[in-house]
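Reading through the structure tokens given below for one structure.
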Amino acid sequence: MPELPEVETVVRALRPHIEGRVLESTEAYDPALLPGIKPLSLPAQVRRLARRGKYILIELEKGTLVVHLRMSGRLVWCKMGVPEGRVRLALRFPHGSLQLVDRRRLATVEFVKKFEKPLGPEPFGDLSWLLYALAKSRMPIKAWLLDQRKIAGIGNIYAAEILFRAGIDPRRPARSLTKGEVQRLVKAIPEVLEEAIAGRGTTLPDAEYRAPTGELGAFQVKLAVYGQKVCQACGTPIWRVKIAGRSTYFCPNCQR
DNA sequence: TCATCCCTGTGG
DNA sequence: CCACAGGGATGA
């Protein structure tokens, strides 16, 4: 469920609660998470809370607790008591606990000495490298943007929004993009993601995304194509196709 | 590069 | 009953 903007929102909201504080104990309610947290030695101070792609990095003294929320995971900060929903893991601090709530049980947690994942660059800063990278791939551009090894953090919603902003048909092979189209993409990627972060992410009508203190996202009202019936720009009916097994929304008029 | 699987719940 | 849901790892 959460893509980069949602994960970034979670990290920013959580940071003042746990950075510098001492993690005292953990309690796994889902046995599937036990192997991942076994190597964790406690108590340990939280040095830093960070994000890389869609991963949440809780950097401790002797390693990093790596959390991925996948489709339905949420991190909830609780001063006391328990949150609603299926709690899979609790991280206990003296002043409260951080709980992983996850309806579909797809979220992952693991403690590692060093964070190492095959992730592409962050989708910010100078993205001119896209010109060379895209020229090498026959993948549909939408599938390419979703591939975390190529560029980190973009998911199904924002891939659709980015391609709409750039005016590019998601089915186009990556290497078929003209220089001008890649330039539009280079501009659209950080623009869309930064606007979504400013809106504190997207909370869809039936979805459970919210920040750790319960705050809902606000970017859903700005979605141009994802989940839409007609194009917000030209009124043309939005097309929905499958690319790389995922629902893909686009405007056949605005995106060529 | 693609289908399949993981897991659970909801809605048609 | 089946399709679908914002994630990614895996093996063909």
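Chain labels follow the order of the structure tokens: the first chain is A, the next B, and so on; residue numbering restarts at 1 in every chain, and ligands are counted from 1 in their shown order.
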Item to check | 9 Å contacts from chain B to chain A using only C-alpha atoms (C1' of nucleotides), as a list in words | outcome: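 Residues of chain B within 9 Å of chain A, counting only C-alpha atoms (C1' of nucleotides): DT1, DC2, DA3, DC6, DC7, DT8 and DG9 of chain B.
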Take the residues from that selection and put them in a file with N, CA, C and O atoms (P, O5', C5', C4', C3', O3' and C1' of nucleotides), as a PDB file, in the first residue's frame.
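Ended up saving to part.pdb:
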ATOM      1  P    DT B   1      13.426  -6.137 -20.325  1.00  0.00           P
ATOM      2  O5'  DT B   1      12.174  -7.137 -20.270  1.00  0.00           O
ATOM      3  C5'  DT B   1      11.983  -8.082 -21.270  1.00  0.00           C
ATOM      4  C4'  DT B   1      10.938  -9.031 -20.785  1.00  0.00           C
ATOM      5  C3'  DT B   1       9.837  -8.377 -19.949  1.00  0.00           C
ATOM      6  O3'  DT B   1       8.632  -8.925 -20.433  1.00  0.00           O
ATOM      7  C1'  DT B   1      10.704 -10.214 -18.797  1.00  0.00           C
ATOM      8  P    DC B   2       7.229  -8.349 -20.158  1.00  0.00           P
ATOM      9  O5'  DC B   2       6.521  -9.583 -19.453  1.00  0.00           O
ATOM     10  C5'  DC B   2       6.537 -10.828 -20.152  1.00  0.00           C
ATOM     11  C4'  DC B   2       6.136 -11.944 -19.218  1.00  0.00           C
ATOM     12  C3'  DC B   2       4.943 -11.610 -18.335  1.00  0.00           C
ATOM     13  O3'  DC B   2       3.874 -12.477 -18.673  1.00  0.00           O
ATOM     14  C1'  DC B   2       6.726 -12.586 -17.067  1.00  0.00           C
ATOM     15  P    DA B   3       2.481 -12.290 -18.026  1.00  0.00           P
ATOM     16  O5'  DA B   3       2.361 -13.556 -17.064  1.00  0.00           O
ATOM     17  C5'  DA B   3       2.380 -14.846 -17.611  1.00  0.00           C
ATOM     18  C4'  DA B   3       2.727 -15.857 -16.538  1.00  0.00           C
ATOM     19  C3'  DA B   3       1.637 -16.058 -15.480  1.00  0.00           C
ATOM     20  O3'  DA B   3       1.501 -17.445 -15.262  1.00  0.00           O
ATOM     21  C1'  DA B   3       3.693 -15.445 -14.427  1.00  0.00           C
ATOM     22  P    DC B   6       1.599 -19.871  -2.057  1.00  0.00           P
ATOM     23  O5'  DC B   6       1.964 -18.651  -1.103  1.00  0.00           O
ATOM     24  C5'  DC B   6       3.303 -18.435  -0.700  1.00  0.00           C
ATOM     25  C4'  DC B   6       3.400 -17.078  -0.066  1.00  0.00           C
ATOM     26  C3'  DC B   6       2.220 -16.777   0.864  1.00  0.00           C
ATOM     27  O3'  DC B   6       2.626 -16.960   2.215  1.00  0.00           O
ATOM     28  C1'  DC B   6       2.838 -14.896  -0.519  1.00  0.00           C
ATOM     29  P    DC B   7       1.583 -17.778   3.181  1.00  0.00           P
ATOM     30  O5'  DC B   7       0.505 -16.644   3.479  1.00  0.00           O
ATOM     31  C5'  DC B   7       0.889 -15.501   4.225  1.00  0.00           C
ATOM     32  C4'  DC B   7      -0.256 -14.523   4.211  1.00  0.00           C
ATOM     33  C3'  DC B   7      -1.608 -15.155   4.503  1.00  0.00           C
ATOM     34  O3'  DC B   7      -1.989 -14.796   5.818  1.00  0.00           O
ATOM     35  C1'  DC B   7      -1.723 -13.507   2.767  1.00  0.00           C
ATOM     36  P    DT B   8      -3.327 -15.471   6.432  1.00  0.00           P
ATOM     37  O5'  DT B   8      -4.417 -14.363   6.076  1.00  0.00           O
ATOM     38  C5'  DT B   8      -4.274 -13.064   6.596  1.00  0.00           C
ATOM     39  C4'  DT B   8      -5.285 -12.171   5.947  1.00  0.00           C
ATOM     40  C3'  DT B   8      -6.736 -12.643   6.094  1.00  0.00           C
ATOM     41  O3'  DT B   8      -7.370 -11.740   6.960  1.00  0.00           O
ATOM     42  C1'  DT B   8      -6.276 -11.778   3.910  1.00  0.00           C
ATOM     43  P    DG B   9      -8.890 -11.879   7.364  1.00  0.00           P
ATOM     44  O5'  DG B   9      -9.589 -10.825   6.403  1.00  0.00           O
ATOM     45  C5'  DG B   9      -9.096  -9.504   6.361  1.00  0.00           C
ATOM     46  C4'  DG B   9      -9.781  -8.778   5.231  1.00  0.00           C
ATOM     47  C3'  DG B   9     -11.296  -8.955   5.207  1.00  0.00           C
ATOM     48  O3'  DG B   9     -11.873  -7.680   5.179  1.00  0.00           O
ATOM     49  C1'  DG B   9     -10.372  -9.378   3.068  1.00  0.00           C
TER      50       DG B   9
END
Item to check | Distance-based interface of chain C with chain A, 12 Å, counting only C-alpha atoms (C1' of nucleotides), as a PyMOL selection string | outcome: chain C and resi 3-9
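For the pair atom CA of A:Ile168 and atom CA of A:Lys222, the interatomic distance is 18.6 Å.
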Name the residues of stretch 98-216 of chain A that come out as strand (DSSP E or B) in a backbone DSSP run; write them as a PDB file with C-alpha atoms, in the first residue's frame.
ATOM      1  CA  LEU A  98       5.547   1.251  18.089  1.00  0.00           C
ATOM      2  CA  GLN A  99       3.186  -1.351  16.684  1.00  0.00           C
ATOM      3  CA  LEU A 100       3.163  -3.001  13.281  1.00  0.00           C
ATOM      4  CA  VAL A 101      -0.453  -3.511  12.220  1.00  0.00           C
ATOM      5  CA  ASP A 102      -0.935  -5.542   9.063  1.00  0.00           C
ATOM      6  CA  THR A 108       8.488  -7.799   6.663  1.00  0.00           C
ATOM      7  CA  VAL A 109      10.878  -6.950   9.503  1.00  0.00           C
ATOM      8  CA  GLU A 110      14.520  -7.956   9.783  1.00  0.00           C
ATOM      9  CA  PHE A 111      17.522  -6.932  11.819  1.00  0.00           C
ATOM     10  CA  VAL A 112      20.725  -6.659   9.796  1.00  0.00           C
ATOM     11  CA  PRO A 140       6.983  -0.950 -20.844  1.00  0.00           C
ATOM     12  CA  PRO A 173       8.781   0.519 -24.431  1.00  0.00           C
TER      13      PRO A 173
END
Next on the checklist: Using DSSP secondary structure from the backbone, list all helix (DSSP H, G or I) positions within stretch 28-226 of chain A, as a ChimeraX atom specification.
Outcome noted: /A:31-37,130-135,141-146,156-166,174-176,179-198,219-222
Next on the checklist: When you look at A:Leu185 with a cut-off of 8 Å (counting only C-alpha atoms (C1' of nucleotides)), what residues show up, excluding the ones that are within fewer than 5 positions of it in the same chain? I need them as a PyMOL selection string.
Outcome noted: chain A and resi 162-163+166
Checklist entry - Rounded to one decimal in Å, what is the spacing between atom CA of A:Gly81 and atom CA of A:Glu24? => result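 Straight-line distance from atom CA of A:Gly81 to atom CA of A:Glu24 works out to 16.7 Å.
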Next on the checklist: Taking 6 positions as the minimum chain separation for residues in the same chain, which residues sit within 8 Å of A:Gly96 when counting only C-alpha atoms (C1' of nucleotides)? Answer as a PyMOL selection string.
Outcome noted: chain A and resi 77-80
